[in-house]
Amino acid sequence: MAELTDKTIAGLREGIRGREFSAREVAEAYNAAVAAARGLNAYTVETPEDALAAAEAADSGKATGPLAGIPLGIKDLFATQGVATTAGSRILKGFQPPYESTVTANLRRAGAGMLGKLNMDEFAMGSSNETSAYGPVISPWRRKDGSNAALTPGGSSGGSAAAVAAGIAPGVTGTDTGGSIRQPAAFTGICGIKPTYGRCSRWGIVSFASSLDQAGPMAKTVRDCAILLGAMAGFDPKDSTSLDVPVPDWEAGLSSNLKGKRVGIPMEYRIDGVPDEINALWDKGIEWLKDAGATPVEISLPHTKYALPTYYIIAPAEASSNLARYDGVRYGLRVEGVKTLDDMYSATRAAGFGAEVKRRIMIGTYVLSAGFYDAYFTKAQRVRALIKQDFARAFEQCDVILTPTAPSAAFGIGEKLSDPLAMYLNDVFAVPASLAGLPAMSVPGGLDGQGLPLGLHLIGPELDEQIVLNAALAIEERAGFTARAEKWW
Amino acid sequence: MVVSDYRLKGATGEWEVVVGLEVHAQITATASKLFSGASTTFGAEPNTQVGLIDAAMPGMLPVPNKECIRQAVRTGMALEAKINPWSRFDRKNYFYADLPQGYQISQLYHPLVGEGVIEVLVDEQDEGSAKRIGIERIHVEQDAGKLMHDQHATMSYVDLNRAGVALMEIVSRPDMRSPAEAGAYLRKLRAILRYVGSCDGNMEEGSMRADVNVSVRKPGAELGTRTETKNVNSVRFVMAVIEHEAKRQIAVIEEGGEVAQETRLYDPDKGVTRTLRSKEDAHDYRYFPDPDLLPVELDEAFLQECRASLPELPDAKRRRYEAFGITPYNASVLTADVDIARWFDSLLETGAEPKAAANWTASEYFGVLNRLDLTIEQSPVSPDQAGELLKLVGDGTLSGTLAKQVFEIMLETGKGANAIVEERGLRQTSDTGAIDARVDEVLAANAAKVAEYKAGKEPLFGFFVGQVMKAMGGKANPKIVNERLRAKLKS
């Protein structure tokens, strides 16, 4: 029998149901793996008792849901009742919410347990997990040049991605505002899907940019993502932007037969400076989908080139306002010993927020300020509408869109930290789907010359997660991606 | 339409005052806040009416309270205003300890309610003093919490009970030209809100307060620079602010200065306003659409229900009363407040004759309320009890004098008018035999006065009536006493 921590969620589910092994054994195996992998810095809090309690409930037959006895890692952005929830920020250090996010409550109702809280870029702002107050997550992957240089797992769901890749969680929650599920999934050779905006409730998820934030699962396989997403999604009256539509059984709908489906290849995504290896993988992806029965069609998404600047106006604008509540008055960090209220705000926020968060708050404050609002924010909203329109037109010609997930493989820790623009470019392929609120997924496609994973990116029409999952499944089956990070930690 | 002749005299001549009001009216029709389920009870212990959303806990999201939207729409309809079927919430960003989110959810760009109008009588007794004051818009927004500076030597405490409470901001056009007009506008607006039921209009408890915009100009000249005096919480104070501010501005200008566009505060103890913050210190609120909320879209069925749910409003009620023959003054008094109007409508439902009922209510009944210092909610008699009394007057069982007596006994004993009449024999008598006998006695006993009367001193008639009534123990039907006296005096 392969190690329990190598199994997929589907495999664990089957094994627990068939009494091949107990949920307790699964929880114990993962708890041990988590404790043994602290060198990755993936978890900010470990909750082994929580995983064991869920396992007991599954083994005793009390929990019978689709995730009965499956232990999961939870990104630190999700409020977990009584368990520190800090969004990777000093300003929330030690904050224990008296409430549970809707998504994690849904997962618990499905029978899942929690292994712990996963490290992330502070307030989900970053693409390398280096902005976390807890320090960077180290990717389990290493280049094969022998340098043993520490690589980033991507971000912002870096702890989530590293945990799945290192086998210290069979599945995890992530959140994606502009690629924060998909880019780290690509960097670590796993699957991750951001569903249609509004599929998963945002209630209880610490807000970054409300009109973009969306929760989604990350796991080893496409099927596991389908299973997890089914448990996470659903209408929530506590979130006004939640979609009141039925949740399909995505797992039951999985099919890699793409006969009659058209795959859109956006010409604007052939970007200068993207390594040949990435473009070569993209071409392979097209071949794989053809092999699955699909027809490639060239499409145009003409406003793609404005997506990144548009995103870096809208997301910081919303963030500057969403983060105003961290003021030291009611919870979290407060710097004392100052004279006035304004001084307390300044001192608290100066000490509590890291450089990247401060940068975005300042950008956001600037683009919303009198005299600049129309030139930046209003204009960006218009471009956002055009980008949405681009996709709507494209989906008249195709059923799903294929692109690379990220313009490079994982980079080294520290390599891009001093160059925010280079860092922001990581999400160049991911951001358009975020702005349009569309379902999008990264699936592993292969390794680069250094032996690092590369991902392929599928974008579907609104509410059609199924075509995204199915196309990803077709790639998964054909790519034969079985590489795993060699254990060094 | 009247043109206000209110002028203030300065050293350089006469000045005209221009006033606009922004009234914040709490939606008291609902027991919960605009975006959270927390309660809004006034006077609760600090921080006992606070939900996770109100405290802006991480990850908490606002969900609009539909009843608040409905009440604001009904209010707009009562002000004959345009209801926008598509509106949106915006965030007004600023830092203050009483504002947990760091922004107030309000409506800047697309308010729920557009232009409307309120017709006021500047002088309630003068139908000719009617004036129409424009409403620019009504938007819905959250209230902030309250800082408490007297709880600790060096720190301020925050009470979030009010944080997130639903307010309607009702913005007038700068159409008022005197303190009296502003007072009339506020009273009328308050009356309409109370009729609609959206806001209880309780200014002491802060459920209604006004920001007062004042500027001065030479009559007919361009608008002057305005100041805004925040959070004034009584009609009297609003009127005082206008007068004080206008005089202050005139003095500034006449001394060669310029009025600064600024926000001011009213000090009711000293009766003056002072600068809160100047234009330079004004916040940049960085308004933008709240991404946590969807636009508010109202369908026709919803709007129809809102319209159908509106009660008869003061102006319509007043016209109806006047059509009954009730005097304009009485109609105005009886419709000025919804509780009085409701009480009076119930009285009319007992079958009371409207004019008599109006006269009795406006004089006898209000007289008693005044004397006992009671509000209509604390009314010592129900409309049914009053109807029973008025019926006895209407059918001649009681004279006006007897009715007063019976009413007093009702107040003392809580008993019904019929029972009192029966028990105490206070029934009016039309027994002409008994009356004639007393008339004869009175005339015989006052022969000298009879002679004077016959010689032309007609006012003595009242004296005779009084004497007869006295002799009858107040129970004689005055109409018959009059008839019999006249007949006897003629002969």
# chains A, B, ... in the order shown; residues from 1 in each chain; ligands from 1
call {"tool": "interface_residues", "arguments": {"of": "chain B", "to": "chain A", "cutoff": "12 Å", "atoms": "only C-alpha atoms", "output": "NGL selection string"}}
result
:B and (35-37 or 47 or 51-65 or 90-105 or 147 or 154-160 or 282-296)
call {"tool": "write_last_selection", "arguments": {"atoms": "C-alpha atoms", "output": "PDB file, in the first residue's frame"}}
result
ATOM      1  CA  PHE B  35     -26.822  45.945   7.058  1.00  0.00           C
ATOM      2  CA  SER B  36     -26.932  43.761  10.168  1.00  0.00           C
ATOM      3  CA  GLY B  37     -29.523  42.054  12.293  1.00  0.00           C
ATOM      4  CA  ASN B  47     -22.042  48.070  23.034  1.00  0.00           C
ATOM      5  CA  GLY B  51     -23.375  42.661  15.487  1.00  0.00           C
ATOM      6  CA  LEU B  52     -20.194  41.292  13.944  1.00  0.00           C
ATOM      7  CA  ILE B  53     -20.855  43.454  10.885  1.00  0.00           C
ATOM      8  CA  ASP B  54     -21.332  46.619  12.957  1.00  0.00           C
ATOM      9  CA  ALA B  55     -18.015  46.029  14.695  1.00  0.00           C
ATOM     10  CA  ALA B  56     -16.407  45.467  11.263  1.00  0.00           C
ATOM     11  CA  MET B  57     -14.916  42.125  12.211  1.00  0.00           C
ATOM     12  CA  PRO B  58     -12.627  40.663   9.523  1.00  0.00           C
ATOM     13  CA  GLY B  59     -14.515  38.979   6.692  1.00  0.00           C
ATOM     14  CA  MET B  60     -17.938  40.238   7.713  1.00  0.00           C
ATOM     15  CA  LEU B  61     -20.192  41.377   4.880  1.00  0.00           C
ATOM     16  CA  PRO B  62     -23.157  43.749   4.778  1.00  0.00           C
ATOM     17  CA  VAL B  63     -26.547  42.490   3.623  1.00  0.00           C
ATOM     18  CA  PRO B  64     -29.142  45.202   3.011  1.00  0.00           C
ATOM     19  CA  ASN B  65     -32.178  45.178   5.257  1.00  0.00           C
ATOM     20  CA  ASP B  90     -21.086  53.830  -2.128  1.00  0.00           C
ATOM     21  CA  ARG B  91     -18.378  53.868   0.491  1.00  0.00           C
ATOM     22  CA  LYS B  92     -17.457  57.169   2.109  1.00  0.00           C
ATOM     23  CA  ASN B  93     -13.953  56.579   3.440  1.00  0.00           C
ATOM     24  CA  TYR B  94     -12.521  58.264   6.516  1.00  0.00           C
ATOM     25  CA  PHE B  95     -10.892  57.230   9.745  1.00  0.00           C
ATOM     26  CA  TYR B  96     -12.570  57.845  13.057  1.00  0.00           C
ATOM     27  CA  ALA B  97     -12.932  55.704  16.142  1.00  0.00           C
ATOM     28  CA  ASP B  98     -16.733  55.732  15.940  1.00  0.00           C
ATOM     29  CA  LEU B  99     -16.605  54.343  12.381  1.00  0.00           C
ATOM     30  CA  PRO B 100     -15.531  50.685  12.674  1.00  0.00           C
ATOM     31  CA  GLN B 101     -15.311  49.888   8.966  1.00  0.00           C
ATOM     32  CA  GLY B 102     -13.229  52.941   8.217  1.00  0.00           C
ATOM     33  CA  TYR B 103     -15.972  53.893   5.794  1.00  0.00           C
ATOM     34  CA  GLN B 104     -19.633  54.737   5.958  1.00  0.00           C
ATOM     35  CA  ILE B 105     -21.880  52.920   3.501  1.00  0.00           C
ATOM     36  CA  LEU B 147     -17.399  58.430  21.440  1.00  0.00           C
ATOM     37  CA  THR B 154      -6.834  59.768  29.425  1.00  0.00           C
ATOM     38  CA  MET B 155      -8.805  57.609  27.016  1.00  0.00           C
ATOM     39  CA  SER B 156     -12.020  57.898  25.072  1.00  0.00           C
ATOM     40  CA  TYR B 157     -14.428  54.964  24.903  1.00  0.00           C
ATOM     41  CA  VAL B 158     -16.548  53.956  21.934  1.00  0.00           C
ATOM     42  CA  ASP B 159     -20.190  52.890  22.006  1.00  0.00           C
ATOM     43  CA  LEU B 160     -21.155  51.132  18.775  1.00  0.00           C
ATOM     44  CA  ALA B 282     -12.163  68.858   4.605  1.00  0.00           C
ATOM     45  CA  HIS B 283     -11.795  65.115   4.141  1.00  0.00           C
ATOM     46  CA  ASP B 284     -11.276  63.547   0.761  1.00  0.00           C
ATOM     47  CA  TYR B 285     -13.853  60.830   1.258  1.00  0.00           C
ATOM     48  CA  ARG B 286     -12.743  58.766  -1.752  1.00  0.00           C
ATOM     49  CA  TYR B 287     -16.283  57.665  -2.526  1.00  0.00           C
ATOM     50  CA  PHE B 288     -16.556  54.555  -4.676  1.00  0.00           C
ATOM     51  CA  PRO B 289     -19.232  51.908  -5.254  1.00  0.00           C
ATOM     52  CA  ASP B 290     -19.284  49.379  -2.399  1.00  0.00           C
ATOM     53  CA  PRO B 291     -18.032  46.147  -3.990  1.00  0.00           C
ATOM     54  CA  ASP B 292     -19.625  44.060  -1.227  1.00  0.00           C
ATOM     55  CA  LEU B 293     -23.100  45.090  -2.343  1.00  0.00           C
ATOM     56  CA  LEU B 294     -25.126  44.666  -5.503  1.00  0.00           C
ATOM     57  CA  PRO B 295     -27.095  47.581  -6.947  1.00  0.00           C
ATOM     58  CA  VAL B 296     -30.566  48.014  -5.436  1.00  0.00           C
TER      59      VAL B 296
END
call {"tool": "residues_around", "arguments": {"residues": "stretch 316-322 of chain B", "least_positions_apart": "2", "cutoff": "10 Å", "atoms": "only C-alpha atoms", "output": "PyMOL selection string"}}
result
chain B and resi 311-314+324-336+341+345+354-355+358
call {"tool": "select_by_dssp", "arguments": {"residues": "stretch 135-274 of chain B", "states": "strand (DSSP E)", "output": "MDAnalysis selection string"}}
result
chainID B and resid 135:142 146:148 157:159 166:172 208:217 227:232 262:267 272:274
call {"tool": "write_last_selection", "arguments": {"atoms": "C-alpha atoms", "output": "mmCIF file, in the first residue's frame"}}
result
data_model
loop_
_atom_site.group_PDB
_atom_site.id
_atom_site.type_symbol
_atom_site.label_atom_id
_atom_site.label_comp_id
_atom_site.auth_asym_id
_atom_site.auth_seq_id
_atom_site.Cartn_x
_atom_site.Cartn_y
_atom_site.Cartn_z
ATOM 1 C CA ILE B 135 -36.294 68.045 -2.018
ATOM 2 C CA GLU B 136 -33.120 67.315 -3.942
ATOM 3 C CA ARG B 137 -32.714 63.671 -2.964
ATOM 4 C CA ILE B 138 -33.060 61.087 -0.237
ATOM 5 C CA HIS B 139 -30.349 58.536 0.244
ATOM 6 C CA VAL B 140 -29.943 55.707 2.701
ATOM 7 C CA GLU B 141 -26.820 55.369 4.822
ATOM 8 C CA GLN B 142 -25.329 53.978 8.019
ATOM 9 C CA LYS B 146 -20.541 57.445 19.603
ATOM 10 C CA LEU B 147 -17.399 58.430 21.440
ATOM 11 C CA MET B 148 -17.591 58.798 25.209
ATOM 12 C CA TYR B 157 -14.428 54.964 24.903
ATOM 13 C CA VAL B 158 -16.548 53.956 21.934
ATOM 14 C CA ASP B 159 -20.190 52.890 22.006
ATOM 15 C CA ALA B 166 -30.214 53.053 9.072
ATOM 16 C CA LEU B 167 -30.585 56.727 8.280
ATOM 17 C CA MET B 168 -32.387 58.525 5.508
ATOM 18 C CA GLU B 169 -30.598 61.692 4.532
ATOM 19 C CA ILE B 170 -33.256 64.029 3.195
ATOM 20 C CA VAL B 171 -31.573 66.874 1.334
ATOM 21 C CA SER B 172 -33.617 70.003 0.605
ATOM 22 C CA MET B 208 -33.985 63.144 13.574
ATOM 23 C CA ARG B 209 -31.300 65.810 13.291
ATOM 24 C CA ALA B 210 -30.364 68.446 10.770
ATOM 25 C CA ASP B 211 -27.297 69.874 9.088
ATOM 26 C CA VAL B 212 -28.108 73.524 8.455
ATOM 27 C CA ASN B 213 -26.693 75.261 5.379
ATOM 28 C CA VAL B 214 -26.877 79.034 5.603
ATOM 29 C CA SER B 215 -25.714 81.862 3.377
ATOM 30 C CA VAL B 216 -26.660 85.523 3.045
ATOM 31 C CA ARG B 217 -26.950 87.875 0.092
ATOM 32 C CA THR B 227 -21.572 77.392 6.021
ATOM 33 C CA GLU B 228 -22.861 74.061 7.256
ATOM 34 C CA THR B 229 -23.756 73.666 10.921
ATOM 35 C CA LYS B 230 -23.830 69.974 11.808
ATOM 36 C CA ASN B 231 -26.150 67.826 13.893
ATOM 37 C CA VAL B 232 -28.657 70.358 15.181
ATOM 38 C CA GLU B 262 -16.702 75.587 6.491
ATOM 39 C CA THR B 263 -18.375 73.150 8.812
ATOM 40 C CA ARG B 264 -19.592 74.578 12.116
ATOM 41 C CA LEU B 265 -21.031 73.308 15.367
ATOM 42 C CA TYR B 266 -23.871 74.836 17.366
ATOM 43 C CA ASP B 267 -23.448 75.452 21.068
ATOM 44 C CA VAL B 272 -23.508 80.511 19.011
ATOM 45 C CA THR B 273 -21.871 78.483 16.260
ATOM 46 C CA ARG B 274 -18.144 77.837 16.019
#
call {"tool": "residues_around", "arguments": {"residues": "A:Ala485", "least_positions_apart": "5", "cutoff": "9 Å", "atoms": "only C-alpha atoms", "output": "VMD selection string"}}
result
chain A and resid 139 to 142 165 to 166 188 to 189 452
call {"tool": "residues_around", "arguments": {"residues": "stretch 400-407 of chain A", "least_positions_apart": "4", "cutoff": "6 Å", "atoms": "only C-alpha atoms", "output": "PyMOL selection string"}}
result
chain A and resi 183+263-265+274+282+426+429+455-460
call {"tool": "closest_residue", "arguments": {"among": "A:Ala84, A:Ala110, A:Leu386, A:Ile138", "to": "A:Asn41", "atoms": "only C-alpha atoms"}}
result
A:Ile138
call {"tool": "closest_residue", "arguments": {"among": "A:Ala394, A:Val164, A:Arg349, A:Ala169", "to": "A:Met267", "atoms": "only C-alpha atoms"}}
result
A:Ala394
call {"tool": "residues_around", "arguments": {"residues": "stretch 397-414 of chain B", "least_positions_apart": "6", "cutoff": "8 Å", "atoms": "only C-alpha atoms", "output": "number ranges by chain"}}
result
B: 364, 380-381, 389, 420-421, 426-429, 474-478
call {"tool": "atom_distance", "arguments": {"atom1": "atom CA of A:Pro153", "atom2": "atom CA of A:Leu435"}}
result
23.5 Å
call {"tool": "residues_around", "arguments": {"residues": "B:Val465", "least_positions_apart": "6", "cutoff": "12 Å", "atoms": "only C-alpha atoms", "output": "list in words"}}
result
Ile435, Arg438, Val439, Asp440, Val442, Leu443, Pro459, Ala471, Met472, Gly474, Ala476, Asn477, Pro478, Lys479, Ile480, Val481, Asn482, Glu483, Arg484, Leu485, Arg486 and Leu489 of chain B
call {"tool": "write_last_selection", "arguments": {"atoms": "C-alpha atoms", "output": "PDB file, in the first residue's frame"}}
result
ATOM      1  CA  ILE B 435     -88.329  76.080  32.719  1.00  0.00           C
ATOM      2  CA  ARG B 438     -88.066  79.332  36.753  1.00  0.00           C
ATOM      3  CA  VAL B 439     -88.243  82.007  34.052  1.00  0.00           C
ATOM      4  CA  ASP B 440     -91.210  83.567  35.736  1.00  0.00           C
ATOM      5  CA  VAL B 442     -86.318  85.120  37.698  1.00  0.00           C
ATOM      6  CA  LEU B 443     -88.178  87.856  35.861  1.00  0.00           C
ATOM      7  CA  PRO B 459     -77.077  92.638  26.840  1.00  0.00           C
ATOM      8  CA  ALA B 471     -82.031  78.091  39.118  1.00  0.00           C
ATOM      9  CA  MET B 472     -82.275  74.917  36.960  1.00  0.00           C
ATOM     10  CA  GLY B 474     -77.391  73.886  35.060  1.00  0.00           C
ATOM     11  CA  ALA B 476     -81.945  73.187  31.472  1.00  0.00           C
ATOM     12  CA  ASN B 477     -81.708  72.986  27.710  1.00  0.00           C
ATOM     13  CA  PRO B 478     -80.243  76.414  26.898  1.00  0.00           C
ATOM     14  CA  LYS B 479     -82.067  76.567  23.594  1.00  0.00           C
ATOM     15  CA  ILE B 480     -85.428  76.279  25.325  1.00  0.00           C
ATOM     16  CA  VAL B 481     -84.392  78.690  28.061  1.00  0.00           C
ATOM     17  CA  ASN B 482     -83.565  81.198  25.356  1.00  0.00           C
ATOM     18  CA  GLU B 483     -86.844  80.661  23.543  1.00  0.00           C
ATOM     19  CA  ARG B 484     -88.960  80.941  26.707  1.00  0.00           C
ATOM     20  CA  LEU B 485     -87.113  84.005  27.985  1.00  0.00           C
ATOM     21  CA  ARG B 486     -87.477  85.843  24.693  1.00  0.00           C
ATOM     22  CA  LEU B 489     -89.751  89.372  27.722  1.00  0.00           C
TER      23      LEU B 489
END
call {"tool": "atom_distance", "arguments": {"atom1": "atom CA of A:Gly332", "atom2": "atom CA of A:Ser180"}}
result
24.7 Å
call {"tool": "atom_distance", "arguments": {"atom1": "atom CA of B:Gly164", "atom2": "atom CA of A:Gln381"}}
result
27.9 Å
call {"tool": "decode", "arguments": {"residues": "stretch 146-164 of chain A", "atoms": "N, CA and C atoms", "output": "PDB file, in the first residue's frame"}}
result
ATOM      1  N   GLY A 146      21.431  21.588  -8.547  1.00  0.00           N
ATOM      2  CA  GLY A 146      22.246  21.260  -7.384  1.00  0.00           C
ATOM      3  C   GLY A 146      22.457  22.406  -6.430  1.00  0.00           C
ATOM      4  N   SER A 147      21.905  23.576  -6.760  1.00  0.00           N
ATOM      5  CA  SER A 147      22.162  24.745  -5.910  1.00  0.00           C
ATOM      6  C   SER A 147      21.389  24.688  -4.596  1.00  0.00           C
ATOM      7  N   ASN A 148      20.304  23.893  -4.601  1.00  0.00           N
ATOM      8  CA  ASN A 148      19.430  23.840  -3.426  1.00  0.00           C
ATOM      9  C   ASN A 148      18.871  25.205  -3.032  1.00  0.00           C
ATOM     10  N   ALA A 149      18.815  26.129  -4.000  1.00  0.00           N
ATOM     11  CA  ALA A 149      18.261  27.454  -3.710  1.00  0.00           C
ATOM     12  C   ALA A 149      16.798  27.302  -3.297  1.00  0.00           C
ATOM     13  N   ALA A 150      16.436  28.040  -2.269  1.00  0.00           N
ATOM     14  CA  ALA A 150      15.041  27.992  -1.816  1.00  0.00           C
ATOM     15  C   ALA A 150      14.162  28.690  -2.836  1.00  0.00           C
ATOM     16  N   LEU A 151      13.116  27.998  -3.277  1.00  0.00           N
ATOM     17  CA  LEU A 151      12.202  28.563  -4.269  1.00  0.00           C
ATOM     18  C   LEU A 151      10.880  28.948  -3.601  1.00  0.00           C
ATOM     19  N   THR A 152      10.184  29.884  -4.245  1.00  0.00           N
ATOM     20  CA  THR A 152       8.871  30.228  -3.714  1.00  0.00           C
ATOM     21  C   THR A 152       7.847  29.237  -4.276  1.00  0.00           C
ATOM     22  N   PRO A 153       6.795  29.006  -3.506  1.00  0.00           N
ATOM     23  CA  PRO A 153       5.703  28.167  -4.009  1.00  0.00           C
ATOM     24  C   PRO A 153       4.703  29.012  -4.788  1.00  0.00           C
ATOM     25  N   GLY A 154       5.023  30.285  -5.008  1.00  0.00           N
ATOM     26  CA  GLY A 154       4.040  31.207  -5.595  1.00  0.00           C
ATOM     27  C   GLY A 154       3.153  31.752  -4.500  1.00  0.00           C
ATOM     28  N   GLY A 155       2.205  32.573  -4.917  1.00  0.00           N
ATOM     29  CA  GLY A 155       1.321  33.158  -3.922  1.00  0.00           C
ATOM     30  C   GLY A 155       0.101  33.761  -4.572  1.00  0.00           C
ATOM     31  N   SER A 156      -0.823  34.190  -3.818  1.00  0.00           N
ATOM     32  CA  SER A 156      -0.728  34.288  -2.374  1.00  0.00           C
ATOM     33  C   SER A 156      -1.005  32.988  -1.629  1.00  0.00           C
ATOM     34  N   SER A 157      -1.664  31.995  -2.284  1.00  0.00           N
ATOM     35  CA  SER A 157      -1.962  30.745  -1.558  1.00  0.00           C
ATOM     36  C   SER A 157      -0.732  29.845  -1.564  1.00  0.00           C
ATOM     37  N   GLY A 158       0.401  30.367  -1.114  1.00  0.00           N
ATOM     38  CA  GLY A 158       1.670  29.645  -1.185  1.00  0.00           C
ATOM     39  C   GLY A 158       1.743  28.490  -0.199  1.00  0.00           C
ATOM     40  N   GLY A 159       1.265  28.719   1.020  1.00  0.00           N
ATOM     41  CA  GLY A 159       1.257  27.649   2.010  1.00  0.00           C
ATOM     42  C   GLY A 159       0.339  26.532   1.551  1.00  0.00           C
ATOM     43  N   SER A 160      -0.786  26.892   0.961  1.00  0.00           N
ATOM     44  CA  SER A 160      -1.747  25.917   0.460  1.00  0.00           C
ATOM     45  C   SER A 160      -1.104  25.042  -0.606  1.00  0.00           C
ATOM     46  N   ALA A 161      -0.440  25.694  -1.572  1.00  0.00           N
ATOM     47  CA  ALA A 161       0.166  24.959  -2.685  1.00  0.00           C
ATOM     48  C   ALA A 161       1.286  24.046  -2.186  1.00  0.00           C
ATOM     49  N   ALA A 162       2.148  24.598  -1.317  1.00  0.00           N
ATOM     50  CA  ALA A 162       3.271  23.811  -0.809  1.00  0.00           C
ATOM     51  C   ALA A 162       2.773  22.610  -0.016  1.00  0.00           C
ATOM     52  N   ALA A 163       1.672  22.796   0.722  1.00  0.00           N
ATOM     53  CA  ALA A 163       1.152  21.719   1.557  1.00  0.00           C
ATOM     54  C   ALA A 163       0.699  20.541   0.703  1.00  0.00           C
ATOM     55  N   VAL A 164       0.005  20.826  -0.387  1.00  0.00           N
ATOM     56  CA  VAL A 164      -0.456  19.734  -1.251  1.00  0.00           C
ATOM     57  C   VAL A 164       0.748  19.090  -1.934  1.00  0.00           C
TER      58      VAL A 164
END
